[in-house]
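Have a look at work.cif below; it lists mmCIF, C-alpha atoms and all ligand atoms.
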```cif
data_upload
loop_
_atom_site.label_atom_id
_atom_site.label_comp_id
_atom_site.auth_asym_id
_atom_site.auth_seq_id
_atom_site.Cartn_x
_atom_site.Cartn_y
_atom_site.Cartn_z
CA MET A 411 15.92 1.55 -5.78
CA GLU A 412 13.94 3.92 -3.56
CA LYS A 413 11.57 2.45 -0.98
CA VAL A 414 7.85 2.83 -1.67
CA ARG A 415 6.74 6.16 -0.19
CA ILE A 416 3.66 5.57 1.97
CA ALA A 417 0.97 8.05 3.06
CA ILE A 418 -1.36 6.99 5.86
CA LEU A 419 -4.84 8.54 5.90
CA CYS A 420 -6.57 8.52 9.27
CA SER A 421 -9.48 10.26 10.99
CA GLY A 422 -9.19 9.44 14.68
CA GLY A 423 -7.15 7.66 17.31
CA GLY A 424 -4.56 6.13 15.02
CA THR A 425 -3.69 2.84 16.70
CA ASN A 426 -3.21 1.27 13.26
CA PHE A 427 -1.04 4.22 12.21
CA GLN A 428 0.99 3.53 15.35
CA ALA A 429 1.26 -0.19 14.56
CA VAL A 430 2.64 0.57 11.08
CA CYS A 431 5.13 3.10 12.47
CA ASN A 432 6.22 0.62 15.15
CA ALA A 433 6.76 -2.07 12.50
CA GLN A 434 8.86 0.39 10.53
CA GLU A 435 10.96 1.23 13.58
CA ALA A 436 11.44 -2.49 14.24
CA GLY A 437 12.77 -2.97 10.69
CA LEU A 438 9.72 -4.94 9.57
CA LEU A 439 8.92 -2.63 6.65
CA PRO A 440 12.09 -2.89 4.57
CA ASP A 441 10.43 -2.06 1.23
CA GLY A 442 8.37 0.93 2.35
CA GLU A 443 8.69 4.19 4.23
CA VAL A 444 5.91 6.16 5.93
CA VAL A 445 6.50 9.74 4.72
CA LEU A 446 3.16 11.40 5.45
CA LEU A 447 0.00 11.37 7.56
CA ILE A 448 -3.13 12.97 6.16
CA CYS A 449 -5.88 13.54 8.71
CA ASP A 450 -9.37 14.84 7.93
CA HIS A 451 -10.19 15.82 11.50
CA ALA A 452 -8.32 18.63 13.28
CA GLY A 453 -7.66 17.66 16.89
CA ALA A 454 -7.57 13.89 16.21
CA PHE A 455 -5.22 11.99 18.52
CA VAL A 456 -3.37 10.50 15.55
CA LEU A 457 -1.81 13.94 15.00
CA LYS A 458 -0.09 13.67 18.39
CA ARG A 459 1.21 10.24 17.43
CA ALA A 460 2.62 11.60 14.15
CA GLU A 461 4.37 14.39 16.00
CA ARG A 462 5.87 11.90 18.43
CA MET A 463 7.03 9.66 15.58
CA GLY A 464 8.43 12.57 13.55
CA ILE A 465 6.10 11.94 10.59
CA PRO A 466 4.92 15.06 8.68
CA ALA A 467 1.17 15.57 9.05
CA VAL A 468 -1.28 17.50 6.90
CA VAL A 469 -4.82 18.26 8.10
CA ILE A 470 -7.57 18.55 5.50
CA ASP A 471 -10.56 19.06 7.76
CA ARG A 472 -13.94 17.69 6.68
CA ARG A 473 -15.83 20.26 8.70
CA GLU A 474 -13.96 23.17 7.11
CA MET A 475 -13.85 21.83 3.58
CA LYS A 476 -17.29 20.27 3.13
CA ASP A 477 -17.07 19.63 -0.61
CA ARG A 478 -15.67 16.12 -1.17
CA ALA A 479 -14.29 16.87 -4.65
CA ALA A 480 -12.37 19.88 -3.35
CA ARG A 481 -11.10 17.86 -0.39
CA GLU A 482 -9.95 15.03 -2.62
CA GLN A 483 -8.19 17.45 -4.98
CA LYS A 484 -6.28 18.77 -1.99
CA ILE A 485 -5.43 15.23 -0.85
CA ILE A 486 -4.20 14.28 -4.33
CA GLY A 487 -2.13 17.48 -4.53
CA THR A 488 -0.52 16.64 -1.19
CA LEU A 489 0.16 13.02 -2.20
CA LYS A 490 1.88 14.27 -5.37
CA GLU A 491 3.91 16.81 -3.43
CA TYR A 492 5.24 14.00 -1.21
CA ARG A 493 5.72 11.65 -4.20
CA VAL A 494 3.57 8.99 -2.54
CA GLY A 495 3.50 5.54 -4.14
CA LEU A 496 1.09 3.79 -1.75
CA VAL A 497 -1.95 5.20 0.05
CA VAL A 498 -2.93 3.41 3.25
CA LEU A 499 -6.36 3.97 4.82
CA ALA A 500 -6.08 3.35 8.54
CA GLY A 501 -9.40 4.29 10.09
CA PHE A 502 -10.12 6.91 7.42
CA MET A 503 -13.83 7.63 7.68
CA SER A 504 -14.42 9.29 4.27
CA ILE A 505 -15.38 7.10 1.32
CA LEU A 506 -13.12 7.89 -1.63
CA SER A 507 -14.74 8.76 -4.97
CA PRO A 508 -14.30 6.51 -8.05
CA ALA A 509 -12.16 9.29 -9.61
CA PHE A 510 -9.75 9.22 -6.65
CA VAL A 511 -9.59 5.43 -6.67
CA LYS A 512 -8.81 5.47 -10.42
CA GLU A 513 -5.98 7.95 -9.89
CA TYR A 514 -4.32 5.50 -7.46
CA GLU A 515 -5.47 2.20 -8.96
CA ASN A 516 -3.95 -0.79 -7.10
CA ARG A 517 -2.14 1.68 -4.87
CA ILE A 518 -4.69 2.09 -2.05
CA LEU A 519 -5.07 -0.32 0.87
CA ASN A 520 -7.68 -0.35 3.62
CA ILE A 521 -8.07 -2.18 6.92
CA HIS A 522 -11.59 -3.26 7.84
CA PRO A 523 -12.50 -4.63 11.30
CA ALA A 524 -14.41 -7.74 10.17
CA LEU A 525 -14.04 -10.73 7.87
CA LEU A 526 -15.19 -9.26 4.54
CA PRO A 527 -17.45 -9.69 2.68
CA ALA A 528 -19.33 -10.06 5.98
CA PHE A 529 -20.15 -6.86 7.88
CA GLY A 530 -18.85 -4.50 5.19
CA GLY A 531 -20.14 -1.73 2.96
CA GLU A 532 -21.59 1.68 3.68
CA GLY A 533 -22.47 2.30 7.32
CA PHE A 534 -20.12 -0.43 8.54
CA TYR A 535 -17.28 1.42 10.18
CA GLY A 536 -15.64 1.60 13.60
CA LEU A 537 -17.77 0.38 16.51
CA HIS A 538 -20.84 -0.09 14.27
CA VAL A 539 -19.15 -3.13 12.75
CA HIS A 540 -18.68 -4.80 16.13
CA GLU A 541 -22.25 -3.92 17.19
CA ALA A 542 -23.52 -5.67 14.05
CA VAL A 543 -21.30 -8.69 14.68
CA LEU A 544 -22.65 -9.08 18.23
CA LYS A 545 -26.24 -8.57 17.06
CA ALA A 546 -25.83 -11.31 14.43
CA GLY A 547 -24.53 -13.70 17.09
CA VAL A 548 -21.59 -14.98 15.04
CA LYS A 549 -18.84 -16.67 17.03
CA VAL A 550 -15.91 -15.64 14.83
CA THR A 551 -15.00 -12.24 13.45
CA GLY A 552 -11.66 -10.69 12.54
CA ALA A 553 -10.01 -8.15 10.25
CA THR A 554 -9.38 -7.79 6.53
CA VAL A 555 -6.80 -5.85 4.54
CA HIS A 556 -7.89 -5.22 0.95
CA TYR A 557 -7.21 -3.10 -2.10
CA VAL A 558 -9.60 -0.19 -2.42
CA THR A 559 -11.81 -0.11 -5.51
CA ALA A 560 -14.91 1.92 -6.34
CA ALA A 561 -17.02 -0.74 -4.56
CA CYS A 562 -17.06 0.15 -0.85
CA ASP A 563 -15.18 -2.60 1.07
CA GLY A 564 -15.35 -4.75 -2.07
CA GLY A 565 -11.78 -4.74 -3.44
CA PRO A 566 -9.48 -7.78 -3.69
CA ILE A 567 -8.50 -9.21 -0.31
CA ILE A 568 -4.81 -9.25 0.66
CA ALA A 569 -4.92 -10.65 4.21
CA GLN A 570 -7.42 -11.77 6.84
CA LYS A 571 -7.20 -13.01 10.40
CA ALA A 572 -9.97 -14.54 12.48
CA VAL A 573 -10.70 -13.55 16.09
CA GLU A 574 -12.99 -15.28 18.56
CA VAL A 575 -16.15 -13.55 19.77
CA LYS A 576 -16.47 -14.25 23.51
CA GLU A 577 -19.42 -14.57 25.82
CA GLY A 578 -20.18 -11.21 27.41
CA ASP A 579 -18.33 -9.17 24.77
CA THR A 580 -19.37 -5.56 24.31
CA PRO A 581 -18.64 -3.70 21.05
CA GLU A 582 -15.72 -2.08 22.87
CA THR A 583 -14.14 -5.29 24.22
CA LEU A 584 -14.56 -6.96 20.84
CA GLN A 585 -13.07 -3.98 19.00
CA LYS A 586 -10.03 -4.06 21.26
CA ARG A 587 -9.49 -7.82 20.74
CA VAL A 588 -9.87 -7.50 16.94
CA MET A 589 -7.35 -4.67 16.90
CA ARG A 590 -4.82 -6.41 19.15
CA GLU A 591 -5.06 -9.92 17.71
CA ALA A 592 -5.70 -9.10 14.06
CA GLU A 593 -5.48 -5.51 12.79
CA TRP A 594 -2.16 -4.47 14.32
CA VAL A 595 -0.65 -7.78 13.18
CA ILE A 596 -1.84 -8.20 9.59
CA PHE A 597 -1.83 -4.55 8.53
CA PRO A 598 1.94 -3.89 8.72
CA GLU A 599 2.59 -7.34 7.20
CA ALA A 600 0.23 -6.70 4.28
CA ILE A 601 1.71 -3.24 3.67
CA GLN A 602 5.19 -4.78 3.51
CA THR A 603 3.95 -7.48 1.10
CA VAL A 604 2.44 -4.87 -1.23
CA CYS A 605 5.51 -2.58 -1.04
CA LYS A 606 7.75 -5.50 -1.98
CA LYS A 607 5.48 -6.30 -4.92
CA ILE A 608 5.47 -2.67 -6.13
CA ARG A 609 9.26 -2.47 -5.90
CA GLY A 610 9.55 -5.74 -7.80
CA GLU A 611 7.43 -4.32 -10.63
CA LYS A 612 9.75 -1.35 -11.24
C1 LIG B 1 -10.05 0.41 13.11
O1 LIG B 1 -10.70 -0.61 13.83
C2 LIG B 1 -10.28 0.20 11.62
O2 LIG B 1 -10.29 -1.14 11.24
C3 LIG B 1 -11.63 0.83 11.44
O3 LIG B 1 -11.60 1.98 12.25
C4 LIG B 1 -10.72 1.75 13.37
C5 LIG B 1 -9.73 2.89 13.46
O4 LIG B 1 -8.97 2.81 14.63
N1 LIG B 1 -11.89 1.12 10.08
C6 LIG B 1 -13.11 1.05 9.53
O5 LIG B 1 -14.10 0.77 10.16
C7 LIG B 1 -13.16 1.33 8.04
N2 LIG B 1 -14.43 0.96 7.50
P1 LIG B 1 -7.52 3.49 14.75
O6 LIG B 1 -7.69 4.96 14.36
O7 LIG B 1 -7.17 3.33 16.19
O8 LIG B 1 -6.58 2.76 13.83
#
```
Show me the file's structure as structure tokens.
Ligand code: GAR
Amino acid sequence: MEKVRIAILCSGGGTNFQAVCNAQEAGLLPDGEVVLLICDHAGAFVLKRAERMGIPAVVIDRREMKDRAAREQKIIGTLKEYRVGLVVLAGFMSILSPAFVKEYENRILNIHPALLPAFGGEGFYGLHVHEAVLKAGVKVTGATVHYVTAACDGGPIIAQKAVEVKEGDTPETLQKRVMREAEWVIFPEAIQTVCKKIRGEK
């Protein structure tokens, strides 16, 4: 039976995209295959990574196509064209509409750089999350992989990993530690787990 065809959606640097591609190259994603990158920001560094990894990339630029419904229609059309079975949000900074989420019910995963339900929801993305963590003074943070539902950052949790907050951390140092110790580890593992489950259902 065919492997689950994965599309990764990303807006920026793409270190999580890279981690998933590296896992695939290392044979750690036996039930899935990354077949597509969709990026909503022309010029994002992730596009260079995709080129280097030989993954087809499609840009659907937010600044050019301002209407979210039109943008999502284009994304869905592209996902269909590539016969995608699992959509993976890896630093994708647009919130998907309920209609989009319904179209790919139980087939969209997201990585969030904190231990949800803490430090999640609208406005909590990228460095802002780590700023909020430091401001709150918590001593443990981490990362969460979850299914995407219409509730922002509220879908069922698949995997989490805790990371220590250290004295003197800045949002940047904390972000780097959360990525290295948690995100790049649990994301490829969770994607493999879900791909295996999807294949088992067929
Ligand atoms: C990652 O830390 C990811 O968890 C976060 O954006 C970063 C993207 O980095 N996602 C969110 O904040 C989603 N709410 P990357 O492009 O290097 O993978």
Quick one: everything within 6 Å of region 422-434 of chain A, counting only C-alpha atoms, minus sequence neighbours fewer than 2 positions away in the same chain. Send it as an MDAnalysis selection string.
chainID A and resid 436:439 454:456 500 594 598
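Our summary of the geometry notes that CA of Val494 (chain A) is positioned 10.8 Å from CA of Ile518 (chain A).
The closest residue to ligand LIG 1 (chain B), picked from A:Ala569, A:Met589, A:Leu544, A:Val414 and counting all atoms listed in the file, is A:Met589.
Counting all atoms listed in the file, the residue from A:Val498, A:Val543, A:Cys420, A:Cys449 that sits nearest to Ala467 (chain A) is A:Cys449.
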Could you give me, as CSV, every chain A residue with an atom at most 10 Å from ligand LIG 1 (chain B), plus its closest atom pair and distance in Å to one decimal, counting all atoms listed in the file, rows ordered by chain then number?
```
residue,atom,partner,partner_atom,distance
A:Leu419,CA,B:LIG1,O6,9.6
A:Cys420,CA,B:LIG1,O6,6.3
A:Ser421,CA,B:LIG1,O6,6.5
A:Gly422,CA,B:LIG1,O6,4.7
A:Gly423,CA,B:LIG1,O6,4.0
A:Gly424,CA,B:LIG1,O6,3.4
A:Thr425,CA,B:LIG1,O7,3.6
A:Asn426,CA,B:LIG1,O8,3.7
A:Phe427,CA,B:LIG1,O8,6.0
A:Gln428,CA,B:LIG1,O8,7.8
A:Ala429,CA,B:LIG1,O8,8.4
A:Val430,CA,B:LIG1,O8,9.9
A:Ala454,CA,B:LIG1,O6,9.1
A:Phe455,CA,B:LIG1,O6,8.5
A:Val456,CA,B:LIG1,O6,7.1
A:Leu499,CA,B:LIG1,C7,8.0
A:Ala500,CA,B:LIG1,O8,5.3
A:Gly501,CA,B:LIG1,C5,3.7
A:Phe502,CA,B:LIG1,C7,6.4
A:Met503,CA,B:LIG1,C7,6.3
A:Ser504,CA,B:LIG1,C7,8.9
A:Ile505,CA,B:LIG1,N2,8.8
A:Asn520,CA,B:LIG1,C7,7.2
A:Ile521,CA,B:LIG1,O2,5.0
A:His522,CA,B:LIG1,O2,4.2
A:Pro523,CA,B:LIG1,O2,4.1
A:Ala524,CA,B:LIG1,O2,7.9
A:Phe529,CA,B:LIG1,N2,9.7
A:Gly530,CA,B:LIG1,N2,7.4
A:Gly531,CA,B:LIG1,N2,7.8
A:Glu532,CA,B:LIG1,N2,8.1
A:Gly533,CA,B:LIG1,N2,8.2
A:Phe534,CA,B:LIG1,N2,5.9
A:Tyr535,CA,B:LIG1,O5,3.2
A:Gly536,CA,B:LIG1,O5,3.9
A:Leu537,CA,B:LIG1,O5,7.3
A:His538,CA,B:LIG1,O5,7.9
A:Val539,CA,B:LIG1,O5,6.9
A:His540,CA,B:LIG1,O1,9.3
A:Gly552,CA,B:LIG1,O2,9.7
A:Ala553,CA,B:LIG1,O2,7.1
A:Thr554,CA,B:LIG1,O2,8.2
A:Val555,CA,B:LIG1,O2,8.9
A:Cys562,CA,B:LIG1,N2,8.8
A:Asp563,CA,B:LIG1,N2,7.4
A:Gln585,CA,B:LIG1,O1,6.6
A:Lys586,CA,B:LIG1,O1,8.2
A:Val588,CA,B:LIG1,O1,7.6
A:Met589,CA,B:LIG1,O1,6.1
A:Arg590,CA,B:LIG1,O1,9.8
A:Ala592,CA,B:LIG1,O2,9.6
A:Glu593,CA,B:LIG1,O2,6.7
A:Trp594,CA,B:LIG1,O8,8.5
A:Phe597,CA,B:LIG1,O2,9.5
```
May I have the protein, DNA and RNA residues with an atom at most 6 Å from (-6.1, 16.6, 12.5), counting all atoms listed in the file in the file's coordinates, returned as a VMD selection string?
chain A and resid 449 to 454 457 469
Might you pull out every residue within 6 Å of region 415-418 of chain A, with all atoms listed in the file counted and same-chain residues fewer than 5 positions away left off, and present them as number ranges by chain?
A: 443-447, 494-499
Distance of CA of Ala560 (chain A) from CA of Ala479 (chain A), expressed in Å to one decimal place
15.1 Å
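If you measure from each of A:Gln602, A:Ala542, A:Val558, A:Ile448 to Tyr492 (chain A) using all atoms listed in the file, the closest one turns out to be A:Ile448.
Of the residues under consideration (A:Gly547, A:Gly464, A:Pro527, A:Gly578), A:Pro527 shows the shortest atom-to-atom contact distance to Pro566 (chain A) when counting all atoms listed in the file.
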Enter the distance from CA of Val550 (chain A) to CA of Leu519 (chain A), in Å, rounded to one decimal.
23.4 Å
Given only C-alpha atoms as the basis, pick out the residue of A:Cys605, A:Leu506, A:Leu526, A:Met475 nearest to Gly565 (chain A).
A:Leu526
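Across A:Glu491, A:Lys612, A:Lys606, A:Ile596, the tightest approach to Gly442 (chain A) is made by A:Lys606 when counting all atoms listed in the file.
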Selection: 12 Å around Gly610 (chain A), only C-alpha atoms, excl. self and same-chain fewer than 3 positions, as a list in words
Met411, Glu412, Lys413, Val414, Asp441, Thr603, Val604, Cys605, Lys606 and Lys607 of chain A
Save region 596-611 of chain A to a file: N, CA, C and O atoms, as a PDB file, in the first residue's frame.
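Written file, out.pdb:
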```
ATOM      1  N   ILE A 596      10.149  15.401  18.659  1.00  0.00           N
ATOM      2  CA  ILE A 596       8.800  14.794  18.722  1.00  0.00           C
ATOM      3  C   ILE A 596       8.010  14.958  17.431  1.00  0.00           C
ATOM      4  O   ILE A 596       7.110  14.168  17.172  1.00  0.00           O
ATOM      5  N   PHE A 597       8.367  15.966  16.613  1.00  0.00           N
ATOM      6  CA  PHE A 597       7.540  16.198  15.422  1.00  0.00           C
ATOM      7  C   PHE A 597       7.667  15.045  14.412  1.00  0.00           C
ATOM      8  O   PHE A 597       6.652  14.453  14.034  1.00  0.00           O
ATOM      9  N   PRO A 598       8.893  14.689  14.000  1.00  0.00           N
ATOM     10  CA  PRO A 598       8.997  13.560  13.060  1.00  0.00           C
ATOM     11  C   PRO A 598       8.406  12.273  13.650  1.00  0.00           C
ATOM     12  O   PRO A 598       7.751  11.512  12.931  1.00  0.00           O
ATOM     13  N   GLU A 599       8.608  12.059  14.947  1.00  0.00           N
ATOM     14  CA  GLU A 599       8.065  10.834  15.582  1.00  0.00           C
ATOM     15  C   GLU A 599       6.539  10.823  15.518  1.00  0.00           C
ATOM     16  O   GLU A 599       5.925   9.797  15.203  1.00  0.00           O
ATOM     17  N   ALA A 600       5.935  11.966  15.830  1.00  0.00           N
ATOM     18  CA  ALA A 600       4.462  12.041  15.831  1.00  0.00           C
ATOM     19  C   ALA A 600       3.914  11.878  14.410  1.00  0.00           C
ATOM     20  O   ALA A 600       2.879  11.237  14.206  1.00  0.00           O
ATOM     21  N   ILE A 601       4.605  12.442  13.444  1.00  0.00           N
ATOM     22  CA  ILE A 601       4.159  12.320  12.046  1.00  0.00           C
ATOM     23  C   ILE A 601       4.187  10.851  11.631  1.00  0.00           C
ATOM     24  O   ILE A 601       3.249  10.338  11.020  1.00  0.00           O
ATOM     25  N   GLN A 602       5.269  10.159  11.998  1.00  0.00           N
ATOM     26  CA  GLN A 602       5.350   8.726  11.691  1.00  0.00           C
ATOM     27  C   GLN A 602       4.215   7.953  12.370  1.00  0.00           C
ATOM     28  O   GLN A 602       3.557   7.112  11.745  1.00  0.00           O
ATOM     29  N   THR A 603       3.953   8.259  13.630  1.00  0.00           N
ATOM     30  CA  THR A 603       2.878   7.577  14.368  1.00  0.00           C
ATOM     31  C   THR A 603       1.538   7.750  13.649  1.00  0.00           C
ATOM     32  O   THR A 603       0.775   6.792  13.469  1.00  0.00           O
ATOM     33  N   VAL A 604       1.253   8.980  13.218  1.00  0.00           N
ATOM     34  CA  VAL A 604      -0.032   9.259  12.564  1.00  0.00           C
ATOM     35  C   VAL A 604      -0.081   8.595  11.180  1.00  0.00           C
ATOM     36  O   VAL A 604      -1.105   8.025  10.792  1.00  0.00           O
ATOM     37  N   CYS A 605       1.026   8.620  10.447  1.00  0.00           N
ATOM     38  CA  CYS A 605       1.053   7.976   9.117  1.00  0.00           C
ATOM     39  C   CYS A 605       0.785   6.471   9.254  1.00  0.00           C
ATOM     40  O   CYS A 605       0.040   5.885   8.469  1.00  0.00           O
ATOM     41  N   LYS A 606       1.384   5.873  10.262  1.00  0.00           N
ATOM     42  CA  LYS A 606       1.193   4.436  10.488  1.00  0.00           C
ATOM     43  C   LYS A 606      -0.280   4.147  10.785  1.00  0.00           C
ATOM     44  O   LYS A 606      -0.856   3.190  10.271  1.00  0.00           O
ATOM     45  N   LYS A 607      -0.879   5.020  11.584  1.00  0.00           N
ATOM     46  CA  LYS A 607      -2.291   4.858  11.946  1.00  0.00           C
ATOM     47  C   LYS A 607      -3.167   4.992  10.689  1.00  0.00           C
ATOM     48  O   LYS A 607      -4.063   4.181  10.462  1.00  0.00           O
ATOM     49  N   ILE A 608      -2.889   6.000   9.874  1.00  0.00           N
ATOM     50  CA  ILE A 608      -3.694   6.218   8.658  1.00  0.00           C
ATOM     51  C   ILE A 608      -3.575   5.011   7.728  1.00  0.00           C
ATOM     52  O   ILE A 608      -4.562   4.520   7.185  1.00  0.00           O
ATOM     53  N   ARG A 609      -2.367   4.516   7.575  1.00  0.00           N
ATOM     54  CA  ARG A 609      -2.161   3.352   6.688  1.00  0.00           C
ATOM     55  C   ARG A 609      -2.908   2.134   7.211  1.00  0.00           C
ATOM     56  O   ARG A 609      -3.470   1.359   6.454  1.00  0.00           O
ATOM     57  N   GLY A 610      -2.905   2.009   8.544  1.00  0.00           N
ATOM     58  CA  GLY A 610      -3.582   0.870   9.177  1.00  0.00           C
ATOM     59  C   GLY A 610      -5.090   0.914   8.990  1.00  0.00           C
ATOM     60  O   GLY A 610      -5.758  -0.116   9.002  1.00  0.00           O
ATOM     61  N   GLU A 611      -5.622   2.143   8.797  1.00  0.00           N
ATOM     62  CA  GLU A 611      -7.075   2.296   8.648  1.00  0.00           C
ATOM     63  C   GLU A 611      -7.550   1.919   7.262  1.00  0.00           C
ATOM     64  O   GLU A 611      -8.734   1.710   7.039  1.00  0.00           O
TER      65      GLU A 611
END
```
